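Below: upload.cif (mmCIF, C-alpha atoms)
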```
data_final
loop_
_atom_site.label_atom_id
_atom_site.label_comp_id
_atom_site.auth_asym_id
_atom_site.auth_seq_id
_atom_site.Cartn_x
_atom_site.Cartn_y
_atom_site.Cartn_z
CA MET D 19 33.38 17.14 -57.38
CA ALA D 20 31.08 19.57 -55.56
CA MET D 21 28.28 17.03 -55.89
CA ASP D 22 30.41 14.32 -54.27
CA LYS D 23 31.15 16.62 -51.33
CA LYS D 24 27.42 17.35 -50.89
CA ASN D 25 26.61 13.65 -51.08
CA LYS D 26 29.24 12.82 -48.46
CA THR D 27 27.91 15.54 -46.17
CA ALA D 28 24.30 14.33 -46.60
CA LEU D 29 25.34 10.72 -46.09
CA GLY D 30 27.31 11.69 -42.98
CA ALA D 31 24.33 13.62 -41.57
CA VAL D 32 22.00 10.67 -42.19
CA GLY D 33 24.54 8.38 -40.52
CA VAL D 34 24.68 10.63 -37.45
CA VAL D 35 20.86 10.69 -37.22
CA VAL D 36 20.65 6.88 -37.54
CA MET D 37 23.39 6.41 -34.94
CA MET D 38 21.70 8.80 -32.49
CA GLY D 39 18.36 7.03 -33.01
CA ALA D 40 19.96 3.63 -32.35
CA LEU D 41 21.63 4.94 -29.18
CA ALA D 42 18.36 6.44 -27.96
CA TRP D 43 16.52 3.17 -28.67
CA ALA D 44 19.16 1.11 -26.81
CA SER D 45 19.53 3.51 -23.88
CA VAL D 46 16.27 2.55 -22.12
CA PRO D 47 16.94 -1.22 -21.94
CA PHE D 48 20.58 -0.56 -21.06
CA TYR D 49 19.59 1.89 -18.30
CA ASN D 50 17.00 -0.58 -16.92
CA TRP D 51 19.60 -3.36 -16.92
CA PHE D 52 22.17 -1.11 -15.24
CA CYS D 53 19.68 -0.05 -12.53
CA ALA D 54 18.61 -3.64 -11.87
CA VAL D 55 22.18 -4.86 -11.55
CA THR D 56 23.46 -2.01 -9.41
CA GLY D 57 20.33 -0.87 -7.54
CA PHE D 58 20.97 2.59 -8.99
CA GLY D 59 18.01 4.93 -8.67
CA GLY D 60 16.47 2.86 -5.89
CA VAL D 61 15.63 -0.10 -8.10
CA THR D 62 15.07 -3.18 -5.94
CA GLN D 63 16.15 -6.76 -6.49
CA VAL D 64 13.89 -9.79 -7.01
CA SER D 65 14.53 -12.99 -5.08
CA ASP D 66 12.97 -16.43 -5.39
CA ASP D 67 13.63 -17.30 -1.75
CA ALA D 68 13.92 -15.77 1.69
CA SER D 69 17.32 -14.88 3.11
CA ASP D 70 19.41 -17.66 4.68
CA GLU D 71 20.77 -15.31 7.32
CA ILE D 72 18.96 -13.07 9.80
CA LEU D 73 20.96 -10.52 11.77
CA ASP D 74 20.20 -8.93 15.15
CA ARG D 75 20.44 -5.48 13.59
CA THR D 76 17.11 -3.93 12.59
CA VAL D 77 16.03 -1.52 9.89
CA LYS D 78 12.87 0.55 9.76
CA VAL D 79 10.93 0.21 6.49
CA ARG D 80 8.52 3.00 5.58
CA PHE D 81 5.77 2.44 3.01
CA ASP D 82 4.63 5.14 0.62
CA ALA D 83 1.84 5.18 -1.96
CA SER D 84 0.96 7.66 -4.69
CA LEU D 85 -1.07 7.81 -7.87
CA ASP D 86 -0.36 9.21 -11.31
CA HIS D 87 -2.56 12.26 -11.90
CA ASP D 88 -4.76 10.30 -14.36
CA MET D 89 -5.23 7.25 -12.07
CA PRO D 90 -8.73 7.33 -10.51
CA TRP D 91 -8.04 4.77 -7.74
CA GLU D 92 -7.50 5.31 -4.04
CA PHE D 93 -4.25 3.68 -2.93
CA LYS D 94 -2.53 3.48 0.46
CA PRO D 95 -0.32 1.26 2.63
CA LEU D 96 -2.15 -0.45 5.49
CA GLU D 97 0.88 -0.02 7.70
CA ARG D 98 3.06 3.10 7.38
CA THR D 99 6.20 1.64 8.99
CA MET D 100 7.61 -1.71 10.01
CA THR D 101 10.80 -2.53 11.89
CA ILE D 102 12.37 -5.82 10.86
CA ARG D 103 15.67 -7.55 11.43
CA ILE D 104 18.01 -7.47 8.45
CA GLY D 105 17.53 -10.72 6.55
CA GLU D 106 14.08 -11.33 8.06
CA THR D 107 11.14 -11.65 5.64
CA GLY D 108 8.65 -8.83 5.96
CA LEU D 109 5.09 -8.85 4.70
CA ALA D 110 3.25 -5.59 4.06
CA PHE D 111 -0.11 -4.87 2.48
CA TYR D 112 -1.34 -2.02 0.34
CA GLU D 113 -5.01 -1.29 -0.28
CA ALA D 114 -6.41 -0.19 -3.63
CA HIS D 115 -9.98 0.91 -4.24
CA ASN D 116 -11.69 1.72 -7.53
CA PRO D 117 -14.38 4.33 -6.74
CA THR D 118 -15.39 4.72 -10.40
CA ASN D 119 -18.24 3.07 -12.31
CA ARG D 120 -15.86 1.41 -14.78
CA THR D 121 -13.24 -1.33 -14.65
CA VAL D 122 -9.74 0.15 -14.35
CA ALA D 123 -6.38 -1.56 -14.86
CA GLY D 124 -3.20 -0.30 -13.25
CA THR D 125 0.50 -1.01 -13.03
CA ALA D 126 2.71 0.03 -10.14
CA SER D 127 6.21 1.40 -10.50
CA TYR D 128 8.43 1.40 -7.44
CA ASN D 129 11.68 2.53 -5.96
CA VAL D 130 13.58 2.53 -2.69
CA ALA D 131 15.20 5.41 -0.87
CA PRO D 132 17.96 5.92 -0.03
CA TYR D 133 19.21 4.72 -3.39
CA GLU D 134 22.16 2.90 -1.79
CA ALA D 135 19.69 0.49 -0.18
CA GLY D 136 18.01 -0.46 -3.48
CA TYR D 137 20.58 -3.11 -4.29
CA PHE D 138 19.97 -4.79 -0.93
CA PHE D 139 16.16 -4.58 -0.87
CA ASN D 140 14.86 -7.92 -2.21
CA LYS D 141 11.25 -8.53 -3.17
CA ILE D 142 10.12 -12.14 -3.00
CA ASP D 143 6.58 -11.48 -4.20
CA CYS D 144 4.85 -8.22 -5.07
CA PHE D 145 1.63 -6.92 -6.57
CA CYS D 146 3.88 -4.71 -8.70
CA PHE D 147 5.05 -7.74 -10.70
CA THR D 148 1.69 -7.95 -12.49
CA GLU D 149 -1.02 -5.66 -13.79
CA GLN D 150 -3.93 -5.14 -11.38
CA VAL D 151 -7.54 -4.90 -12.57
CA LEU D 152 -10.28 -3.56 -10.28
CA LYS D 153 -13.98 -3.64 -11.08
CA PRO D 154 -16.21 -0.68 -10.21
CA GLY D 155 -16.34 -0.22 -6.43
CA GLU D 156 -13.87 -3.05 -5.80
CA THR D 157 -11.32 -2.88 -2.96
CA VAL D 158 -8.36 -5.26 -2.76
CA LEU D 159 -5.46 -5.90 -0.40
CA MET D 160 -2.18 -6.38 -2.24
CA PRO D 161 0.82 -7.99 -0.52
CA VAL D 162 4.52 -7.42 -0.90
CA SER D 163 6.98 -9.80 0.76
CA PHE D 164 10.59 -8.71 1.04
CA TYR D 165 13.82 -8.79 3.00
CA VAL D 166 16.88 -6.60 3.33
CA ASP D 167 20.01 -8.49 2.31
CA PRO D 168 22.45 -8.94 5.24
CA GLU D 169 25.31 -7.92 2.92
CA MET D 170 24.05 -4.34 3.31
CA VAL D 171 25.85 -4.08 6.68
CA THR D 172 29.23 -4.50 4.98
CA ASP D 173 28.60 -2.16 2.05
CA ARG D 174 30.68 1.00 2.14
CA ASP D 175 27.71 3.33 1.56
CA ALA D 176 24.60 1.37 2.59
CA LYS D 177 25.88 0.08 5.95
CA TYR D 178 24.77 3.30 7.69
CA THR D 179 21.18 2.92 6.51
CA LYS D 180 18.75 2.77 9.40
CA GLU D 181 15.55 3.56 7.50
CA ILE D 182 14.39 2.52 4.02
CA THR D 183 11.35 3.90 2.19
CA LEU D 184 9.57 1.67 -0.31
CA SER D 185 7.48 3.81 -2.66
CA TYR D 186 4.88 2.79 -5.22
CA THR D 187 3.09 4.85 -7.83
CA PHE D 188 0.11 3.38 -9.70
CA TYR D 189 -0.50 4.31 -13.34
CA GLU D 190 -3.63 3.54 -15.31
CA THR D 191 -3.00 1.11 -18.15
CA ASP D 192 -5.12 -0.28 -20.95
CA LEU D 193 -7.43 -3.07 -19.91
CA PRO D 194 -6.27 -6.55 -20.90
CA GLU D 195 -8.05 -7.58 -24.09
CA GLU D 196 -10.19 -10.29 -22.47
CA VAL D 197 -11.37 -7.88 -19.73
CA ALA D 198 -12.03 -5.09 -22.24
CA LEU D 199 -14.18 -7.46 -24.33
CA LEU D 200 -16.17 -8.53 -21.25
CA SER D 201 -16.73 -4.96 -20.11
CA THR D 202 -18.06 -3.87 -23.54
CA ALA D 203 -20.22 -6.96 -24.15
CA PRO D 204 -23.28 -5.87 -22.07
CA SER D 205 -23.48 -2.42 -23.67
CA GLU D 206 -23.31 -3.93 -27.16
CA ALA D 207 -26.05 -6.39 -26.24
CA ALA D 208 -28.28 -3.47 -25.15
CA ASN D 209 -28.06 -1.89 -28.62
#
```
What would you get if you wrote out this structure as structure tokens?
Amino acid sequence: MAMDKKNKTALGAVGVVVMMGALAWASVPFYNWFCAVTGFGGVTQVSDDASDEILDRTVKVRFDASLDHDMPWEFKPLERTMTIRIGETGLAFYEAHNPTNRTVAGTASYNVAPYEAGYFFNKIDCFCFTEQVLKPGETVLMPVSFYVDPEMVTDRDAKYTKEITLSYTFYETDLPEEVALLSTAPSEAAN
């Protein structure tokens, strides 16, 4: 009988560990889905088209750029602020430069502040949708087209928003396989 009690306790402990592991594994996709649907945490929306409605009310959009501590690029917005009408499509450019002597790949994460505006900030096209690869010494201009959804003016919390900050942080990522093979080919040929 004592052995059955120990087995039940061990089985229960293993069950708790498995359940906690499953919840931890599912929490990231669930959190990402929740943020995308609600705009929580400043997560923006993605739109295939421009807004159908443009209001007379304007909003100031500030652009921010930062780099992860391991990212060797230089990265900045070309324009620090832009005032647009709500619903109007805006186009902003960021500049990235690779000052190193090696090819570097990067991916940008982003958010919007204040968080209440995230649900209403719609990106039509953005460099952050894809991985960027810069060769040694290369400088590129990267566009982001966006609009602020007119429904923001009727939202209980977001309707008082007069300024929105769009922030990007670039992180170094592994080179795509085809680029990595090309960048190692000359050094192997020299051997």
Pairwise distance for atom CA of Asn140 of chain D and atom CA of Pro90 of chain D, rounded to one decimal in Å
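Interatomic distance, atom CA of Asn140 of chain D to atom CA of Pro90 of chain D: 29.3 Å.
Of the listed residues (D:Thr107, D:Thr76, D:Thr118, D:Ser127), D:Ser127 comes nearest to Phe188 of chain D; the distances count only C-alpha atoms.
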Counting only C-alpha atoms, find the residues whose atoms lie at most 7 Å from (-1.2, 2.7, -17.4) (file coordinates) and write them out as a VMD selection string.
chain D and resid 124 to 125 189 to 192
Do you have the atom CA of Leu73 of chain D-atom CA of Tyr165 of chain D distance handy?
11.4 Å
Evaluate the PyMOL selection byres ((chain D and resi 91) around 6) here and jot the selected residues down as a PyMOL selection string.
chain D and resi 89-90+92+115-116
Test item: residues at most 10 Å from Asn119 of chain D, only C-alpha atoms, excluding those fewer than 5 positions along its chain, as a PDB file with C-alpha atoms, in the coordinates of the input:
```pdb
ATOM      1  CA  LYS D 153     -13.980  -3.640 -11.080  1.00  0.00           C
ATOM      2  CA  PRO D 154     -16.210  -0.680 -10.210  1.00  0.00           C
ATOM      3  CA  GLY D 155     -16.340  -0.220  -6.430  1.00  0.00           C
ATOM      4  CA  GLU D 156     -13.870  -3.050  -5.800  1.00  0.00           C
TER       5      GLU D 156
END
```
Using the chain letters and numbers from this file, what does the PyMOL selection byres ((chain D and resi 139) around 8) select? Give the answer as number ranges by chain.
D: 62-63, 130, 135-138, 140-141, 164-167
Nearest-residue call for Glu149 of chain D, choices D:Pro117, D:Pro194, D:Gly105, D:Pro132, using all atoms listed in the file
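Between D:Pro117, D:Pro194, D:Gly105, D:Pro132, the residue approaching Glu149 of chain D most closely is D:Pro194.
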Please write as a list of chain:residue names the full residue list that the PyMOL selection byres ((chain D and resi 74) around 12) yields on this file.
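Applying the expression gives D:Glu71, D:Ile72, D:Leu73, D:Arg75, D:Thr76, D:Val77, D:Thr101, D:Ile102, D:Arg103, D:Ile104, D:Gly105, D:Glu106, D:Pro168, D:Val171.
You will find atom CA of Ser163 of chain D at 6.5 Å from atom CA of Ala110 of chain D.
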To test the calculation: enclose all listed atoms of segment 141-159 of chain D in a box whose edges run along x, y and z, add 4 Å on each side, then state centre and edge lengths in Å to one decimal, as JSON.
```
{"center_x": -2.5, "center_y": -6.2, "center_z": -7.1, "size_x": 35.6, "size_y": 19.9, "size_z": 21.4}
```
For Tyr178 of chain D, which residue out of D:Glu134, D:Glu195, D:Arg80, D:Gly33 is the nearest one, using all atoms listed in the file?
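Nearest candidate to Tyr178 of chain D out of D:Glu134, D:Glu195, D:Arg80, D:Gly33: D:Glu134.
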When you get a chance, write out all heavy atoms for segment 24-35 of chain D, as a PDB file, keeping the file's coordinate frame.
```pdb
ATOM      1  N   LYS D  24      28.761  17.214 -51.443  1.00  0.00           N
ATOM      2  CA  LYS D  24      27.420  17.350 -50.890  1.00  0.00           C
ATOM      3  C   LYS D  24      26.838  15.988 -50.527  1.00  0.00           C
ATOM      4  O   LYS D  24      26.182  15.843 -49.505  1.00  0.00           O
ATOM      5  CB  LYS D  24      26.494  18.046 -51.895  1.00  0.00           C
ATOM      6  CG  LYS D  24      26.735  19.523 -52.033  1.00  0.00           C
ATOM      7  CD  LYS D  24      25.760  20.133 -53.016  1.00  0.00           C
ATOM      8  CE  LYS D  24      26.055  21.612 -53.208  1.00  0.00           C
ATOM      9  NZ  LYS D  24      25.142  22.210 -54.185  1.00  0.00           N
ATOM     10  N   ASN D  25      27.100  14.989 -51.366  1.00  0.00           N
ATOM     11  CA  ASN D  25      26.610  13.650 -51.080  1.00  0.00           C
ATOM     12  C   ASN D  25      27.250  13.083 -49.815  1.00  0.00           C
ATOM     13  O   ASN D  25      26.585  12.440 -49.011  1.00  0.00           O
ATOM     14  CB  ASN D  25      26.864  12.709 -52.269  1.00  0.00           C
ATOM     15  CG  ASN D  25      25.923  12.986 -53.418  1.00  0.00           C
ATOM     16  OD1 ASN D  25      24.889  13.623 -53.249  1.00  0.00           O
ATOM     17  ND2 ASN D  25      26.284  12.512 -54.602  1.00  0.00           N
ATOM     18  N   LYS D  26      28.545  13.297 -49.659  1.00  0.00           N
ATOM     19  CA  LYS D  26      29.240  12.820 -48.460  1.00  0.00           C
ATOM     20  C   LYS D  26      28.693  13.517 -47.213  1.00  0.00           C
ATOM     21  O   LYS D  26      28.484  12.875 -46.179  1.00  0.00           O
ATOM     22  CB  LYS D  26      30.751  13.091 -48.568  1.00  0.00           C
ATOM     23  CG  LYS D  26      31.483  12.118 -49.430  1.00  0.00           C
ATOM     24  CD  LYS D  26      32.968  12.408 -49.385  1.00  0.00           C
ATOM     25  CE  LYS D  26      33.741  11.422 -50.213  1.00  0.00           C
ATOM     26  NZ  LYS D  26      35.183  11.661 -50.159  1.00  0.00           N
ATOM     27  N   THR D  27      28.442  14.799 -47.323  1.00  0.00           N
ATOM     28  CA  THR D  27      27.910  15.540 -46.170  1.00  0.00           C
ATOM     29  C   THR D  27      26.510  15.029 -45.820  1.00  0.00           C
ATOM     30  O   THR D  27      26.203  14.806 -44.645  1.00  0.00           O
ATOM     31  CB  THR D  27      27.861  17.052 -46.483  1.00  0.00           C
ATOM     32  OG1 THR D  27      29.182  17.495 -46.802  1.00  0.00           O
ATOM     33  CG2 THR D  27      27.326  17.835 -45.302  1.00  0.00           C
ATOM     34  N   ALA D  28      25.664  14.837 -46.835  1.00  0.00           N
ATOM     35  CA  ALA D  28      24.300  14.330 -46.600  1.00  0.00           C
ATOM     36  C   ALA D  28      24.345  12.926 -46.024  1.00  0.00           C
ATOM     37  O   ALA D  28      23.619  12.608 -45.075  1.00  0.00           O
ATOM     38  CB  ALA D  28      23.504  14.364 -47.901  1.00  0.00           C
ATOM     39  N   LEU D  29      25.200  12.092 -46.577  1.00  0.00           N
ATOM     40  CA  LEU D  29      25.340  10.720 -46.090  1.00  0.00           C
ATOM     41  C   LEU D  29      25.849  10.716 -44.646  1.00  0.00           C
ATOM     42  O   LEU D  29      25.367   9.960 -43.803  1.00  0.00           O
ATOM     43  CB  LEU D  29      26.285   9.923 -47.000  1.00  0.00           C
ATOM     44  CG  LEU D  29      26.376   8.432 -46.739  1.00  0.00           C
ATOM     45  CD1 LEU D  29      24.996   7.781 -46.862  1.00  0.00           C
ATOM     46  CD2 LEU D  29      27.347   7.791 -47.711  1.00  0.00           C
ATOM     47  N   GLY D  30      26.796  11.580 -44.355  1.00  0.00           N
ATOM     48  CA  GLY D  30      27.310  11.690 -42.980  1.00  0.00           C
ATOM     49  C   GLY D  30      26.235  12.156 -42.016  1.00  0.00           C
ATOM     50  O   GLY D  30      26.118  11.652 -40.899  1.00  0.00           O
ATOM     51  N   ALA D  31      25.418  13.122 -42.432  1.00  0.00           N
ATOM     52  CA  ALA D  31      24.330  13.620 -41.570  1.00  0.00           C
ATOM     53  C   ALA D  31      23.298  12.529 -41.318  1.00  0.00           C
ATOM     54  O   ALA D  31      22.826  12.362 -40.190  1.00  0.00           O
ATOM     55  CB  ALA D  31      23.675  14.843 -42.208  1.00  0.00           C
ATOM     56  N   VAL D  32      22.947  11.776 -42.356  1.00  0.00           N
ATOM     57  CA  VAL D  32      22.000  10.670 -42.190  1.00  0.00           C
ATOM     58  C   VAL D  32      22.597   9.623 -41.256  1.00  0.00           C
ATOM     59  O   VAL D  32      21.909   9.085 -40.380  1.00  0.00           O
ATOM     60  CB  VAL D  32      21.628  10.052 -43.561  1.00  0.00           C
ATOM     61  CG1 VAL D  32      20.895   8.733 -43.394  1.00  0.00           C
ATOM     62  CG2 VAL D  32      20.789  11.026 -44.368  1.00  0.00           C
ATOM     63  N   GLY D  33      23.865   9.342 -41.402  1.00  0.00           N
ATOM     64  CA  GLY D  33      24.540   8.380 -40.520  1.00  0.00           C
ATOM     65  C   GLY D  33      24.502   8.817 -39.064  1.00  0.00           C
ATOM     66  O   GLY D  33      24.256   8.007 -38.162  1.00  0.00           O
ATOM     67  N   VAL D  34      24.726  10.101 -38.821  1.00  0.00           N
ATOM     68  CA  VAL D  34      24.680  10.630 -37.450  1.00  0.00           C
ATOM     69  C   VAL D  34      23.274  10.478 -36.877  1.00  0.00           C
ATOM     70  O   VAL D  34      23.091  10.062 -35.725  1.00  0.00           O
ATOM     71  CB  VAL D  34      25.154  12.102 -37.415  1.00  0.00           C
ATOM     72  CG1 VAL D  34      24.819  12.759 -36.089  1.00  0.00           C
ATOM     73  CG2 VAL D  34      26.643  12.187 -37.686  1.00  0.00           C
ATOM     74  N   VAL D  35      22.246  10.801 -37.677  1.00  0.00           N
ATOM     75  CA  VAL D  35      20.860  10.690 -37.220  1.00  0.00           C
ATOM     76  C   VAL D  35      20.520   9.224 -36.907  1.00  0.00           C
ATOM     77  O   VAL D  35      19.906   8.930 -35.868  1.00  0.00           O
ATOM     78  CB  VAL D  35      19.884  11.284 -38.257  1.00  0.00           C
ATOM     79  CG1 VAL D  35      18.441  10.925 -37.938  1.00  0.00           C
ATOM     80  CG2 VAL D  35      20.067  12.791 -38.344  1.00  0.00           C
TER      81      VAL D  35
END
```
